[in-house]
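*Asks:* Below is the structure I would like to discuss, written out as structure tokens.
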Amino acid sequence: QVQLVESGGDLVQPGGSLRLSCAASGIIFRINDMGWYRQAPGKERELVAAITSGGATNYADSVKGRFTISRDYAKNTMYLQMNSLKPEDTAIYYCNADTIYGTHYWGKGTLVTVSS
């Protein structure tokens, strides 16, 4: 089993920044790729950014140039640095981990609200 706990969500003004964290515990050596997803009210969950075990990254077009995903293997933590936030970034942000066996784990989410 893998447990994922997100943190860092908050209310921020447009143009502001936040850093989300996803702490992994459990059988973490089985984790392969990880990613951040988000779900806005009335919308489907969508991929925001992903990072492979080798460090390759992928971003949704809507966040390219503004968000940065990273992993700290020593701390078993994944981050999402979000800059130049827009109201349309408002959503619950979820951490996801894929294992080497093809299983998927999700955190419970952290709320990001971008509003003046």
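Here's how to read the names in the structure tokens: chain A, B, ... by the order shown, residue numbers from 1 in each chain, ligand numbers from 1 in the order shown.
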Got a sec: who's within 7 Å of Tyr94 of chain A, counting only C-alpha atoms, leaving out chain neighbours fewer than 3 positions off, as JSON, numbers by chain?

*Replies:* {"A": [36, 37, 38, 106, 107, 108, 109, 110]}

*Asks:* Enumerate, in order of chain and increasing residue number, the residues of segment 3-38 of chain A with an atom no farther than 12 Å from segment 46-62 of chain A, each with its shortest atom pair and distance in Å to one decimal, counting only C-alpha atoms, as a Markdown table.

*Replies:*
```
| residue | atom | partner | partner_atom | distance |
| --- | --- | --- | --- | --- |
| A:Ile28 | CA | A:Ser53 | CA | 11.7 |
| A:Phe29 | CA | A:Ser53 | CA | 10.6 |
| A:Arg30 | CA | A:Ser53 | CA | 10.5 |
| A:Ile31 | CA | A:Ser53 | CA | 7.9 |
| A:Asn32 | CA | A:Ser53 | CA | 5.3 |
| A:Asp33 | CA | A:Thr52 | CA | 4.3 |
| A:Met34 | CA | A:Ile51 | CA | 5.5 |
| A:Gly35 | CA | A:Ala50 | CA | 4.0 |
| A:Trp36 | CA | A:Ala49 | CA | 5.3 |
| A:Tyr37 | CA | A:Leu47 | CA | 4.4 |
| A:Arg38 | CA | A:Glu46 | CA | 5.5 |
```

*Asks:* Next, dump the selected residues to file, keeping only C-alpha atoms, as a CSV table (one decimal), in the first residue's frame.

*Replies:*
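again.csv, written as the output of this step:
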```csv
chain,number,residue,atom,x,y,z
A,28,ILE,CA,7.2,3.8,-1.6
A,29,PHE,CA,9.9,1.8,-3.5
A,30,ARG,CA,7.1,0.5,-5.7
A,31,ILE,CA,6.2,4.0,-6.9
A,32,ASN,CA,7.0,4.7,-10.5
A,33,ASP,CA,5.5,7.8,-12.1
A,34,MET,CA,3.7,10.5,-10.1
A,35,GLY,CA,1.4,13.4,-11.0
A,36,TRP,CA,-0.9,16.2,-10.0
A,37,TYR,CA,-4.5,16.3,-11.1
A,38,ARG,CA,-7.2,18.8,-10.4
```

*Asks:* Enumerate, as a ChimeraX atom specification, the complete set of residues in chain A that a backbone-based DSSP assignment places in helix (DSSP H, G or I).

*Replies:* /A:28-30,87-89

*Asks:* Just want the 9 Å neighbourhood of Leu111 of chain A, counted on only C-alpha atoms, with same-chain residues fewer than 3 positions away dropped. Output as a ChimeraX atom specification.

*Replies:* /A:7-11,90-94

*Asks:* Find the residues around Gln3 of chain A up to 7 Å (only C-alpha atoms counted), leave out those fewer than 5 positions away in its own chain, and share them as a list in words.

*Replies:* Ala24, Ser25 and Gly26 of chain A

*Asks:* Report the residues of segment 26-90 of chain A whose backbone DSSP state falls under strand (DSSP E or B), written as a ChimeraX atom specification.

*Replies:* /A:26,31-39,46-51,57-59,67-72,77-82

*Asks:* Just write the chosen residues, C-alpha atoms, as a PDB file, in the first residue's frame.

*Replies:*
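Written out: out.pdb:
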```pdb
ATOM      1  CA  GLY A  26       4.116   2.992   2.792  1.00  0.00           C
ATOM      2  CA  ILE A  31       6.228   4.048  -6.902  1.00  0.00           C
ATOM      3  CA  ASN A  32       7.049   4.729 -10.531  1.00  0.00           C
ATOM      4  CA  ASP A  33       5.452   7.803 -12.062  1.00  0.00           C
ATOM      5  CA  MET A  34       3.651  10.506 -10.089  1.00  0.00           C
ATOM      6  CA  GLY A  35       1.397  13.362 -11.013  1.00  0.00           C
ATOM      7  CA  TRP A  36      -0.877  16.190  -9.995  1.00  0.00           C
ATOM      8  CA  TYR A  37      -4.481  16.263 -11.127  1.00  0.00           C
ATOM      9  CA  ARG A  38      -7.189  18.801 -10.430  1.00  0.00           C
ATOM     10  CA  GLN A  39     -10.943  18.896 -10.453  1.00  0.00           C
ATOM     11  CA  GLU A  46      -7.727  16.554 -15.415  1.00  0.00           C
ATOM     12  CA  LEU A  47      -3.995  16.014 -15.472  1.00  0.00           C
ATOM     13  CA  VAL A  48      -2.010  19.094 -14.482  1.00  0.00           C
ATOM     14  CA  ALA A  49       1.546  17.781 -14.444  1.00  0.00           C
ATOM     15  CA  ALA A  50       3.362  14.462 -14.293  1.00  0.00           C
ATOM     16  CA  ILE A  51       6.877  13.330 -13.496  1.00  0.00           C
ATOM     17  CA  THR A  57       8.032  16.001 -16.852  1.00  0.00           C
ATOM     18  CA  ASN A  58       4.822  16.693 -18.716  1.00  0.00           C
ATOM     19  CA  TYR A  59       2.396  19.590 -18.302  1.00  0.00           C
ATOM     20  CA  PHE A  67       3.686  25.464 -12.872  1.00  0.00           C
ATOM     21  CA  THR A  68       6.687  23.291 -12.039  1.00  0.00           C
ATOM     22  CA  ILE A  69       6.526  19.710 -10.803  1.00  0.00           C
ATOM     23  CA  SER A  70       9.393  18.142  -8.870  1.00  0.00           C
ATOM     24  CA  ARG A  71      10.235  15.188  -6.623  1.00  0.00           C
ATOM     25  CA  ASP A  72      12.476  14.957  -3.586  1.00  0.00           C
ATOM     26  CA  THR A  77       7.689  14.102  -1.424  1.00  0.00           C
ATOM     27  CA  MET A  78       6.432  15.551  -4.691  1.00  0.00           C
ATOM     28  CA  TYR A  79       5.834  19.251  -5.197  1.00  0.00           C
ATOM     29  CA  LEU A  80       3.900  21.525  -7.500  1.00  0.00           C
ATOM     30  CA  GLN A  81       5.119  25.104  -7.622  1.00  0.00           C
ATOM     31  CA  MET A  82       2.330  27.245  -8.998  1.00  0.00           C
TER      32      MET A  82
END
```

*Asks:* Select, from A:Leu85, A:Val12, A:Ala23, A:Cys95, the residue with the minimum atom-to-atom distance to Ser116 of chain A, counting only C-alpha atoms.

*Replies:* A:Val12

*Asks:* Could you tell me how far atom CA of Pro41 of chain A sits from atom CA of Leu4 of chain A, in Å to one decimal place?

*Replies:*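 A separation of 22.4 Å between them.
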
*Asks:* Could you tell me which of A:Ala40, A:Leu20, A:Ile100, A:Ala74 comes closest to Glu88 of chain A if we count only C-alpha atoms?

*Replies:*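 Comparing A:Ala40, A:Leu20, A:Ile100, A:Ala74 against Glu88 of chain A, the winner is A:Ala40.
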